[in-house]
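Student: Okay, handing you the structure first.
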Amino acid sequence: MPDINWLAVLTAALSAFLLGGLWYSPAMFLKAWQRGAGLTDEQLQKGGHPGKVYGGAVVLSLVAAATFAMFLGKLPVGTATAYGLCAGLCWVAASFGINYLFERKSLGLFLVNGGYHTLQFVLYGLILGLWH
């Protein structure tokens with residue numbers, strides 16, 4: 001296992017959490033995401049314990065950031081950021097795309113979720129590349 005800067009991993013994970021807060025906010029893509037996912041305001045308000053939802057999101061972001069840090073090693077920031085773009089767009093978003101095609105989900109939902117995860121991994125690459 002390569003040397004990992006756990007503070008950088010934590011920062012990367014939290015950056016994705018903050019990005020998600022903005023990305024899925026009313027100011028950006030909340031309504032498009034809700035339409036695509038078929039969720040109403042009422043369903044979001046009553047469904048799922050917030051601690052479980054947000055806590056789970058933080059834990060999963062930590063897992064993703066730590067694993068990506070292991071994958072990147074000590075790559076320079078430009079290469080690490082480019083790898084983040086490739087991972088987000090070509091692995092994560094493309095995998096969503098496969099599922100969404102079979103599930104008959106909308107292109108809009110794919111663009112919202114795929115766009116978020118693409119930027120998530122770009123941030124991971126940028127932060128981890130800057131801060132080995």
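By convention in this document, the chains of the structure tokens carry letters A, B, ... by their order, each chain's residues are numbered from 1, and ligands are numbered from 1 in the order they are shown.
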So which bits of chain A end up alpha helix (DSSP H) when you DSSP the backbone, as an mmCIF file with N, CA, C and O atoms, in the first residue's frame?
Tutor:
```cif
data_model
loop_
_atom_site.group_PDB
_atom_site.id
_atom_site.type_symbol
_atom_site.label_atom_id
_atom_site.label_comp_id
_atom_site.auth_asym_id
_atom_site.auth_seq_id
_atom_site.Cartn_x
_atom_site.Cartn_y
_atom_site.Cartn_z
ATOM 1 N N TRP A 6 -3.606 11.005 4.723
ATOM 2 C CA TRP A 6 -4.987 10.843 5.160
ATOM 3 C C TRP A 6 -5.703 12.171 5.322
ATOM 4 O O TRP A 6 -6.930 12.241 5.165
ATOM 5 N N LEU A 7 -4.960 13.236 5.601
ATOM 6 C CA LEU A 7 -5.581 14.555 5.665
ATOM 7 C C LEU A 7 -6.049 14.994 4.270
ATOM 8 O O LEU A 7 -7.128 15.574 4.122
ATOM 9 N N ALA A 8 -5.256 14.677 3.257
ATOM 10 C CA ALA A 8 -5.662 14.967 1.871
ATOM 11 C C ALA A 8 -6.880 14.134 1.484
ATOM 12 O O ALA A 8 -7.789 14.632 0.810
ATOM 13 N N VAL A 9 -6.909 12.876 1.907
ATOM 14 C CA VAL A 9 -8.060 12.014 1.624
ATOM 15 C C VAL A 9 -9.315 12.583 2.280
ATOM 16 O O VAL A 9 -10.376 12.680 1.645
ATOM 17 N N LEU A 10 -9.205 12.982 3.534
ATOM 18 C CA LEU A 10 -10.341 13.576 4.244
ATOM 19 C C LEU A 10 -10.799 14.853 3.551
ATOM 20 O O LEU A 10 -12.003 15.075 3.352
ATOM 21 N N THR A 11 -9.861 15.690 3.149
ATOM 22 C CA THR A 11 -10.193 16.936 2.451
ATOM 23 C C THR A 11 -10.876 16.647 1.123
ATOM 24 O O THR A 11 -11.878 17.283 0.764
ATOM 25 N N ALA A 12 -10.365 15.682 0.375
ATOM 26 C CA ALA A 12 -10.976 15.310 -0.899
ATOM 27 C C ALA A 12 -12.399 14.800 -0.680
ATOM 28 O O ALA A 12 -13.328 15.194 -1.405
ATOM 29 N N ALA A 13 -12.581 13.935 0.308
ATOM 30 C CA ALA A 13 -13.912 13.396 0.588
ATOM 31 C C ALA A 13 -14.884 14.510 0.965
ATOM 32 O O ALA A 13 -16.016 14.547 0.478
ATOM 33 N N LEU A 14 -14.432 15.428 1.799
ATOM 34 C CA LEU A 14 -15.303 16.529 2.207
ATOM 35 C C LEU A 14 -15.587 17.476 1.045
ATOM 36 O O LEU A 14 -16.675 18.044 0.960
ATOM 37 N N SER A 15 -14.634 17.612 0.127
ATOM 38 C CA SER A 15 -14.876 18.474 -1.040
ATOM 39 C C SER A 15 -16.010 17.911 -1.885
ATOM 40 O O SER A 15 -16.832 18.667 -2.415
ATOM 41 N N ALA A 16 -16.072 16.599 -2.014
ATOM 42 C CA ALA A 16 -17.148 15.966 -2.773
ATOM 43 C C ALA A 16 -18.483 16.155 -2.066
ATOM 44 O O ALA A 16 -19.517 16.368 -2.712
ATOM 45 N N PHE A 17 -18.460 16.092 -0.755
ATOM 46 C CA PHE A 17 -19.667 16.294 0.033
ATOM 47 C C PHE A 17 -20.167 17.730 -0.136
ATOM 48 O O PHE A 17 -21.360 17.966 -0.340
ATOM 49 N N LEU A 18 -19.242 18.693 -0.098
ATOM 50 C CA LEU A 18 -19.616 20.095 -0.308
ATOM 51 C C LEU A 18 -20.091 20.340 -1.735
ATOM 52 O O LEU A 18 -21.061 21.070 -1.961
ATOM 53 N N LEU A 19 -19.413 19.736 -2.710
ATOM 54 C CA LEU A 19 -19.844 19.843 -4.107
ATOM 55 C C LEU A 19 -21.262 19.308 -4.252
ATOM 56 O O LEU A 19 -22.110 19.928 -4.910
ATOM 57 N N GLY A 20 -21.545 18.171 -3.635
ATOM 58 C CA GLY A 20 -22.882 17.588 -3.709
ATOM 59 C C GLY A 20 -23.934 18.500 -3.110
ATOM 60 O O GLY A 20 -25.043 18.619 -3.650
ATOM 61 N N GLY A 21 -23.597 19.169 -2.014
ATOM 62 C CA GLY A 21 -24.531 20.109 -1.406
ATOM 63 C C GLY A 21 -24.897 21.242 -2.348
ATOM 64 O O GLY A 21 -26.048 21.669 -2.408
ATOM 65 N N LEU A 22 -23.926 21.712 -3.086
ATOM 66 C CA LEU A 22 -24.174 22.768 -4.066
ATOM 67 C C LEU A 22 -24.858 22.199 -5.316
ATOM 68 O O LEU A 22 -25.857 22.737 -5.800
ATOM 69 N N TRP A 23 -24.324 21.109 -5.858
ATOM 70 C CA TRP A 23 -24.795 20.507 -7.108
ATOM 71 C C TRP A 23 -26.270 20.136 -7.044
ATOM 72 O O TRP A 23 -27.037 20.370 -7.976
ATOM 73 N N LEU A 30 -31.278 20.560 -8.306
ATOM 74 C CA LEU A 30 -32.215 19.819 -7.459
ATOM 75 C C LEU A 30 -33.475 19.416 -8.213
ATOM 76 O O LEU A 30 -33.873 18.253 -8.194
ATOM 77 N N LYS A 31 -34.107 20.359 -8.875
ATOM 78 C CA LYS A 31 -35.384 20.049 -9.553
ATOM 79 C C LYS A 31 -35.185 19.068 -10.707
ATOM 80 O O LYS A 31 -35.988 18.159 -10.895
ATOM 81 N N ALA A 32 -34.119 19.227 -11.472
ATOM 82 C CA ALA A 32 -33.846 18.290 -12.565
ATOM 83 C C ALA A 32 -33.579 16.891 -12.018
ATOM 84 O O ALA A 32 -34.052 15.889 -12.566
ATOM 85 N N TRP A 33 -32.841 16.828 -10.910
ATOM 86 C CA TRP A 33 -32.551 15.535 -10.283
ATOM 87 C C TRP A 33 -33.847 14.901 -9.755
ATOM 88 O O TRP A 33 -34.088 13.710 -9.955
ATOM 89 N N GLN A 34 -34.680 15.707 -9.090
ATOM 90 C CA GLN A 34 -35.940 15.183 -8.562
ATOM 91 C C GLN A 34 -36.833 14.647 -9.679
ATOM 92 O O GLN A 34 -37.419 13.568 -9.531
ATOM 93 N N ARG A 35 -36.947 15.396 -10.774
ATOM 94 C CA ARG A 35 -37.763 14.923 -11.909
ATOM 95 C C ARG A 35 -37.224 13.599 -12.439
ATOM 96 O O ARG A 35 -37.978 12.650 -12.649
ATOM 97 N N GLY A 36 -35.921 13.550 -12.661
ATOM 98 C CA GLY A 36 -35.314 12.338 -13.207
ATOM 99 C C GLY A 36 -35.430 11.142 -12.278
ATOM 100 O O GLY A 36 -35.622 10.010 -12.719
ATOM 101 N N ALA A 37 -35.309 11.395 -10.977
ATOM 102 C CA ALA A 37 -35.380 10.310 -9.993
ATOM 103 C C ALA A 37 -36.817 9.993 -9.594
ATOM 104 O O ALA A 37 -37.066 9.001 -8.905
ATOM 105 N N ASP A 41 -40.816 16.681 -3.193
ATOM 106 C CA ASP A 41 -40.296 17.333 -1.987
ATOM 107 C C ASP A 41 -40.735 16.561 -0.742
ATOM 108 O O ASP A 41 -39.950 16.372 0.190
ATOM 109 N N GLU A 42 -41.971 16.118 -0.734
ATOM 110 C CA GLU A 42 -42.510 15.383 0.417
ATOM 111 C C GLU A 42 -41.763 14.069 0.644
ATOM 112 O O GLU A 42 -41.454 13.715 1.775
ATOM 113 N N GLN A 43 -41.478 13.352 -0.432
ATOM 114 C CA GLN A 43 -40.737 12.100 -0.296
ATOM 115 C C GLN A 43 -39.338 12.345 0.262
ATOM 116 O O GLN A 43 -38.848 11.567 1.082
ATOM 117 N N LEU A 44 -38.693 13.409 -0.174
ATOM 118 C CA LEU A 44 -37.351 13.719 0.317
ATOM 119 C C LEU A 44 -37.377 14.120 1.791
ATOM 120 O O LEU A 44 -36.457 13.793 2.541
ATOM 121 N N GLN A 45 -38.415 14.827 2.186
ATOM 122 C CA GLN A 45 -38.504 15.290 3.570
ATOM 123 C C GLN A 45 -38.805 14.163 4.552
ATOM 124 O O GLN A 45 -38.320 14.168 5.670
ATOM 125 N N LYS A 46 -39.599 13.191 4.127
ATOM 126 C CA LYS A 46 -39.977 12.138 5.076
ATOM 127 C C LYS A 46 -39.177 10.853 4.927
ATOM 128 O O LYS A 46 -39.219 10.002 5.783
ATOM 129 N N PRO A 50 -31.758 11.644 8.204
ATOM 130 C CA PRO A 50 -30.665 12.481 7.686
ATOM 131 C C PRO A 50 -29.270 12.033 8.134
ATOM 132 O O PRO A 50 -28.327 12.074 7.345
ATOM 133 N N GLY A 51 -29.144 11.580 9.379
ATOM 134 C CA GLY A 51 -27.843 11.110 9.853
ATOM 135 C C GLY A 51 -27.356 9.906 9.076
ATOM 136 O O GLY A 51 -26.168 9.792 8.752
ATOM 137 N N LYS A 52 -28.276 9.024 8.766
ATOM 138 C CA LYS A 52 -27.938 7.824 8.005
ATOM 139 C C LYS A 52 -27.567 8.189 6.563
ATOM 140 O O LYS A 52 -26.578 7.690 6.013
ATOM 141 N N VAL A 53 -28.335 9.076 5.953
ATOM 142 C CA VAL A 53 -28.093 9.474 4.568
ATOM 143 C C VAL A 53 -26.775 10.242 4.448
ATOM 144 O O VAL A 53 -25.897 9.879 3.659
ATOM 145 N N TYR A 54 -26.631 11.297 5.232
ATOM 146 C CA TYR A 54 -25.430 12.127 5.130
ATOM 147 C C TYR A 54 -24.201 11.426 5.695
ATOM 148 O O TYR A 54 -23.110 11.540 5.150
ATOM 149 N N GLY A 55 -24.376 10.699 6.784
ATOM 150 C CA GLY A 55 -23.261 9.926 7.340
ATOM 151 C C GLY A 55 -22.774 8.874 6.363
ATOM 152 O O GLY A 55 -21.568 8.698 6.152
ATOM 153 N N GLY A 56 -23.720 8.185 5.739
ATOM 154 C CA GLY A 56 -23.354 7.193 4.729
ATOM 155 C C GLY A 56 -22.642 7.819 3.543
ATOM 156 O O GLY A 56 -21.670 7.262 3.019
ATOM 157 N N ALA A 57 -23.100 9.004 3.134
ATOM 158 C CA ALA A 57 -22.456 9.707 2.014
ATOM 159 C C ALA A 57 -21.021 10.091 2.355
ATOM 160 O O ALA A 57 -20.118 9.957 1.519
ATOM 161 N N VAL A 58 -20.779 10.539 3.572
ATOM 162 C CA VAL A 58 -19.422 10.899 3.983
ATOM 163 C C VAL A 58 -18.532 9.657 4.012
ATOM 164 O O VAL A 58 -17.404 9.681 3.506
ATOM 165 N N VAL A 59 -19.027 8.580 4.575
ATOM 166 C CA VAL A 59 -18.244 7.341 4.638
ATOM 167 C C VAL A 59 -17.905 6.844 3.235
ATOM 168 O O VAL A 59 -16.750 6.493 2.942
ATOM 169 N N LEU A 60 -18.878 6.837 2.340
ATOM 170 C CA LEU A 60 -18.624 6.368 0.980
ATOM 171 C C LEU A 60 -17.677 7.297 0.227
ATOM 172 O O LEU A 60 -16.844 6.838 -0.568
ATOM 173 N N SER A 61 -17.762 8.599 0.497
ATOM 174 C CA SER A 61 -16.809 9.540 -0.103
ATOM 175 C C SER A 61 -15.400 9.274 0.403
ATOM 176 O O SER A 61 -14.430 9.362 -0.364
ATOM 177 N N LEU A 62 -15.277 8.956 1.681
ATOM 178 C CA LEU A 62 -13.966 8.613 2.240
ATOM 179 C C LEU A 62 -13.409 7.349 1.591
ATOM 180 O O LEU A 62 -12.219 7.290 1.262
ATOM 181 N N VAL A 63 -14.251 6.352 1.407
ATOM 182 C CA VAL A 63 -13.812 5.111 0.754
ATOM 183 C C VAL A 63 -13.329 5.409 -0.659
ATOM 184 O O VAL A 63 -12.254 4.962 -1.084
ATOM 185 N N ALA A 64 -14.116 6.183 -1.410
ATOM 186 C CA ALA A 64 -13.746 6.504 -2.789
ATOM 187 C C ALA A 64 -12.462 7.323 -2.847
ATOM 188 O O ALA A 64 -11.571 7.048 -3.660
ATOM 189 N N ALA A 65 -12.336 8.322 -1.985
ATOM 190 C CA ALA A 65 -11.136 9.174 -1.992
ATOM 191 C C ALA A 65 -9.897 8.381 -1.580
ATOM 192 O O ALA A 65 -8.824 8.541 -2.177
ATOM 193 N N ALA A 66 -10.020 7.527 -0.572
ATOM 194 C CA ALA A 66 -8.874 6.725 -0.130
ATOM 195 C C ALA A 66 -8.432 5.752 -1.214
ATOM 196 O O ALA A 66 -7.228 5.599 -1.488
ATOM 197 N N THR A 67 -9.383 5.108 -1.850
ATOM 198 C CA THR A 67 -9.053 4.167 -2.912
ATOM 199 C C THR A 67 -8.421 4.893 -4.098
ATOM 200 O O THR A 67 -7.456 4.404 -4.696
ATOM 201 N N PHE A 68 -8.946 6.071 -4.418
ATOM 202 C CA PHE A 68 -8.377 6.838 -5.523
ATOM 203 C C PHE A 68 -6.969 7.311 -5.171
ATOM 204 O O PHE A 68 -6.085 7.326 -6.032
ATOM 205 N N ALA A 69 -6.729 7.659 -3.910
ATOM 206 C CA ALA A 69 -5.378 8.042 -3.474
ATOM 207 C C ALA A 69 -4.407 6.881 -3.661
ATOM 208 O O ALA A 69 -3.267 7.066 -4.106
ATOM 209 N N MET A 70 -4.841 5.668 -3.338
ATOM 210 C CA MET A 70 -3.993 4.487 -3.549
ATOM 211 C C MET A 70 -3.711 4.299 -5.040
ATOM 212 O O MET A 70 -2.602 3.948 -5.422
ATOM 213 N N PHE A 71 -4.715 4.508 -5.854
ATOM 214 C CA PHE A 71 -4.573 4.368 -7.302
ATOM 215 C C PHE A 71 -3.600 5.408 -7.858
ATOM 216 O O PHE A 71 -2.752 5.091 -8.697
ATOM 217 N N LEU A 72 -3.709 6.659 -7.392
ATOM 218 C CA LEU A 72 -2.885 7.747 -7.930
ATOM 219 C C LEU A 72 -1.435 7.686 -7.480
ATOM 220 O O LEU A 72 -0.538 8.035 -8.249
ATOM 221 N N VAL A 77 0.153 16.907 -10.087
ATOM 222 C CA VAL A 77 -1.216 17.420 -9.989
ATOM 223 C C VAL A 77 -1.954 17.389 -11.330
ATOM 224 O O VAL A 77 -3.128 17.036 -11.382
ATOM 225 N N GLY A 78 -1.304 17.754 -12.413
ATOM 226 C CA GLY A 78 -1.981 17.744 -13.713
ATOM 227 C C GLY A 78 -2.406 16.352 -14.132
ATOM 228 O O GLY A 78 -3.527 16.151 -14.616
ATOM 229 N N THR A 79 -1.535 15.388 -13.939
ATOM 230 C CA THR A 79 -1.850 14.003 -14.285
ATOM 231 C C THR A 79 -2.926 13.454 -13.359
ATOM 232 O O THR A 79 -3.867 12.789 -13.819
ATOM 233 N N ALA A 80 -2.817 13.747 -12.068
ATOM 234 C CA ALA A 80 -3.809 13.268 -11.103
ATOM 235 C C ALA A 80 -5.192 13.848 -11.409
ATOM 236 O O ALA A 80 -6.203 13.141 -11.334
ATOM 237 N N THR A 81 -5.239 15.120 -11.787
ATOM 238 C CA THR A 81 -6.515 15.754 -12.134
ATOM 239 C C THR A 81 -7.086 15.140 -13.409
ATOM 240 O O THR A 81 -8.289 14.873 -13.506
ATOM 241 N N ALA A 82 -6.232 14.896 -14.400
ATOM 242 C CA ALA A 82 -6.685 14.247 -15.641
ATOM 243 C C ALA A 82 -7.194 12.838 -15.356
ATOM 244 O O ALA A 82 -8.205 12.415 -15.930
ATOM 245 N N TYR A 83 -6.514 12.112 -14.471
ATOM 246 C CA TYR A 83 -6.988 10.781 -14.090
ATOM 247 C C TYR A 83 -8.339 10.881 -13.382
ATOM 248 O O TYR A 83 -9.197 10.012 -13.537
ATOM 249 N N GLY A 84 -8.521 11.934 -12.589
ATOM 250 C CA GLY A 84 -9.813 12.156 -11.941
ATOM 251 C C GLY A 84 -10.915 12.360 -12.960
ATOM 252 O O GLY A 84 -12.010 11.802 -12.832
ATOM 253 N N LEU A 85 -10.625 13.157 -13.993
ATOM 254 C CA LEU A 85 -11.591 13.370 -15.067
ATOM 255 C C LEU A 85 -11.932 12.047 -15.752
ATOM 256 O O LEU A 85 -13.103 11.728 -15.976
ATOM 257 N N CYS A 86 -10.905 11.281 -16.068
ATOM 258 C CA CYS A 86 -11.131 9.988 -16.729
ATOM 259 C C CYS A 86 -11.916 9.035 -15.845
ATOM 260 O O CYS A 86 -12.841 8.362 -16.319
ATOM 261 N N ALA A 94 -19.937 6.546 -17.004
ATOM 262 C CA ALA A 94 -20.246 5.535 -18.022
ATOM 263 C C ALA A 94 -20.968 4.338 -17.401
ATOM 264 O O ALA A 94 -21.899 3.780 -18.007
ATOM 265 N N SER A 95 -20.583 3.945 -16.201
ATOM 266 C CA SER A 95 -21.261 2.840 -15.514
ATOM 267 C C SER A 95 -22.699 3.217 -15.167
ATOM 268 O O SER A 95 -23.616 2.402 -15.316
ATOM 269 N N PHE A 96 -22.899 4.457 -14.689
ATOM 270 C CA PHE A 96 -24.267 4.933 -14.490
ATOM 271 C C PHE A 96 -25.045 4.846 -15.798
ATOM 272 O O PHE A 96 -26.196 4.435 -15.826
ATOM 273 N N GLY A 97 -24.420 5.275 -16.885
ATOM 274 C CA GLY A 97 -25.072 5.271 -18.182
ATOM 275 C C GLY A 97 -25.568 3.894 -18.585
ATOM 276 O O GLY A 97 -26.685 3.750 -19.099
ATOM 277 N N ILE A 98 -24.770 2.882 -18.353
ATOM 278 C CA ILE A 98 -25.181 1.511 -18.667
ATOM 279 C C ILE A 98 -26.433 1.152 -17.861
ATOM 280 O O ILE A 98 -27.431 0.673 -18.408
ATOM 281 N N ASN A 99 -26.375 1.411 -16.549
ATOM 282 C CA ASN A 99 -27.533 1.108 -15.703
ATOM 283 C C ASN A 99 -28.759 1.896 -16.141
ATOM 284 O O ASN A 99 -29.864 1.353 -16.213
ATOM 285 N N TYR A 100 -28.574 3.180 -16.411
ATOM 286 C CA TYR A 100 -29.709 4.040 -16.759
ATOM 287 C C TYR A 100 -30.346 3.604 -18.073
ATOM 288 O O TYR A 100 -31.549 3.739 -18.241
ATOM 289 N N LEU A 101 -29.555 3.116 -19.013
ATOM 290 C CA LEU A 101 -30.133 2.620 -20.264
ATOM 291 C C LEU A 101 -31.066 1.435 -20.000
ATOM 292 O O LEU A 101 -32.189 1.402 -20.499
ATOM 293 N N PHE A 102 -30.619 0.487 -19.205
ATOM 294 C CA PHE A 102 -31.447 -0.681 -18.917
ATOM 295 C C PHE A 102 -32.632 -0.335 -18.010
ATOM 296 O O PHE A 102 -33.690 -0.938 -18.111
ATOM 297 N N GLU A 103 -32.437 0.641 -17.128
ATOM 298 C CA GLU A 103 -33.506 1.046 -16.216
ATOM 299 C C GLU A 103 -34.456 2.055 -16.847
ATOM 300 O O GLU A 103 -35.419 2.476 -16.218
ATOM 301 N N LEU A 107 -32.103 10.941 -19.748
ATOM 302 C CA LEU A 107 -30.813 11.548 -20.049
ATOM 303 C C LEU A 107 -30.512 12.661 -19.046
ATOM 304 O O LEU A 107 -29.371 12.830 -18.619
ATOM 305 N N GLY A 108 -31.529 13.397 -18.638
ATOM 306 C CA GLY A 108 -31.337 14.474 -17.662
ATOM 307 C C GLY A 108 -30.766 13.960 -16.351
ATOM 308 O O GLY A 108 -29.846 14.557 -15.791
ATOM 309 N N LEU A 109 -31.312 12.853 -15.852
ATOM 310 C CA LEU A 109 -30.800 12.271 -14.605
ATOM 311 C C LEU A 109 -29.367 11.803 -14.789
ATOM 312 O O LEU A 109 -28.519 12.006 -13.923
ATOM 313 N N PHE A 110 -29.084 11.193 -15.935
ATOM 314 C CA PHE A 110 -27.714 10.766 -16.231
ATOM 315 C C PHE A 110 -26.754 11.956 -16.222
ATOM 316 O O PHE A 110 -25.667 11.889 -15.652
ATOM 317 N N LEU A 111 -27.153 13.057 -16.846
ATOM 318 C CA LEU A 111 -26.278 14.231 -16.909
ATOM 319 C C LEU A 111 -26.046 14.841 -15.535
ATOM 320 O O LEU A 111 -24.930 15.246 -15.211
ATOM 321 N N VAL A 112 -27.094 14.899 -14.708
ATOM 322 C CA VAL A 112 -26.944 15.453 -13.357
ATOM 323 C C VAL A 112 -26.029 14.562 -12.526
ATOM 324 O O VAL A 112 -25.029 15.026 -11.959
ATOM 325 N N ASN A 113 -26.339 13.280 -12.431
ATOM 326 C CA ASN A 113 -25.545 12.384 -11.587
ATOM 327 C C ASN A 113 -24.155 12.132 -12.163
ATOM 328 O O ASN A 113 -23.161 12.139 -11.429
ATOM 329 N N GLY A 114 -24.066 11.905 -13.465
ATOM 330 C CA GLY A 114 -22.766 11.690 -14.095
ATOM 331 C C GLY A 114 -21.884 12.927 -14.010
ATOM 332 O O GLY A 114 -20.678 12.838 -13.785
ATOM 333 N N GLY A 115 -22.494 14.104 -14.169
ATOM 334 C CA GLY A 115 -21.733 15.351 -14.050
ATOM 335 C C GLY A 115 -21.183 15.550 -12.648
ATOM 336 O O GLY A 115 -20.030 15.946 -12.470
ATOM 337 N N TYR A 116 -22.018 15.262 -11.649
ATOM 338 C CA TYR A 116 -21.550 15.376 -10.265
ATOM 339 C C TYR A 116 -20.348 14.461 -10.016
ATOM 340 O O TYR A 116 -19.322 14.891 -9.487
ATOM 341 N N HIS A 117 -20.470 13.195 -10.390
ATOM 342 C CA HIS A 117 -19.388 12.251 -10.102
ATOM 343 C C HIS A 117 -18.137 12.531 -10.929
ATOM 344 O O HIS A 117 -17.024 12.258 -10.475
ATOM 345 N N THR A 118 -18.310 13.089 -12.105
ATOM 346 C CA THR A 118 -17.138 13.499 -12.881
ATOM 347 C C THR A 118 -16.391 14.603 -12.141
ATOM 348 O O THR A 118 -15.174 14.518 -11.938
ATOM 349 N N LEU A 119 -17.114 15.616 -11.694
ATOM 350 C CA LEU A 119 -16.462 16.698 -10.942
ATOM 351 C C LEU A 119 -15.929 16.218 -9.597
ATOM 352 O O LEU A 119 -14.884 16.693 -9.136
ATOM 353 N N GLN A 120 -16.618 15.270 -8.974
ATOM 354 C CA GLN A 120 -16.147 14.697 -7.714
ATOM 355 C C GLN A 120 -14.737 14.132 -7.887
ATOM 356 O O GLN A 120 -13.839 14.427 -7.097
ATOM 357 N N PHE A 121 -14.525 13.347 -8.931
ATOM 358 C CA PHE A 121 -13.219 12.733 -9.129
ATOM 359 C C PHE A 121 -12.185 13.721 -9.651
ATOM 360 O O PHE A 121 -10.995 13.568 -9.372
ATOM 361 N N VAL A 122 -12.616 14.746 -10.364
ATOM 362 C CA VAL A 122 -11.679 15.816 -10.737
ATOM 363 C C VAL A 122 -11.169 16.500 -9.465
ATOM 364 O O VAL A 122 -9.967 16.747 -9.319
ATOM 365 N N LEU A 123 -12.074 16.794 -8.537
ATOM 366 C CA LEU A 123 -11.654 17.374 -7.255
ATOM 367 C C LEU A 123 -10.731 16.437 -6.491
ATOM 368 O O LEU A 123 -9.725 16.876 -5.919
ATOM 369 N N TYR A 124 -11.065 15.162 -6.454
ATOM 370 C CA TYR A 124 -10.192 14.192 -5.797
ATOM 371 C C TYR A 124 -8.793 14.256 -6.400
ATOM 372 O O TYR A 124 -7.803 14.329 -5.679
ATOM 373 N N GLY A 125 -8.706 14.199 -7.713
ATOM 374 C CA GLY A 125 -7.403 14.220 -8.376
ATOM 375 C C GLY A 125 -6.653 15.504 -8.102
ATOM 376 O O GLY A 125 -5.438 15.489 -7.843
ATOM 377 N N LEU A 126 -7.352 16.629 -8.154
ATOM 378 C CA LEU A 126 -6.713 17.921 -7.894
ATOM 379 C C LEU A 126 -6.165 17.990 -6.471
ATOM 380 O O LEU A 126 -4.990 18.316 -6.258
ATOM 381 N N ILE A 127 -6.994 17.666 -5.499
ATOM 382 C CA ILE A 127 -6.578 17.749 -4.091
ATOM 383 C C ILE A 127 -5.472 16.743 -3.782
ATOM 384 O O ILE A 127 -4.464 17.087 -3.181
ATOM 385 N N LEU A 128 -5.665 15.512 -4.214
ATOM 386 C CA LEU A 128 -4.663 14.478 -3.923
ATOM 387 C C LEU A 128 -3.362 14.729 -4.678
ATOM 388 O O LEU A 128 -2.279 14.431 -4.178
ATOM 389 N N GLY A 129 -3.471 15.283 -5.889
ATOM 390 C CA GLY A 129 -2.269 15.597 -6.663
ATOM 391 C C GLY A 129 -1.482 16.764 -6.081
ATOM 392 O O GLY A 129 -0.255 16.793 -6.138
ATOM 393 N N LEU A 130 -2.209 17.733 -5.528
ATOM 394 C CA LEU A 130 -1.543 18.887 -4.913
ATOM 395 C C LEU A 130 -0.906 18.539 -3.572
ATOM 396 O O LEU A 130 0.084 19.137 -3.168
#
```
Student: Which residue is closest to Trp131 (chain A)? Choose from A:Gly38, A:Pro76, A:Pro26, A:Gly48 and count only C-alpha atoms.
Tutor: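 Among the listed residues, A:Pro76 lies closest to Trp131 (chain A).
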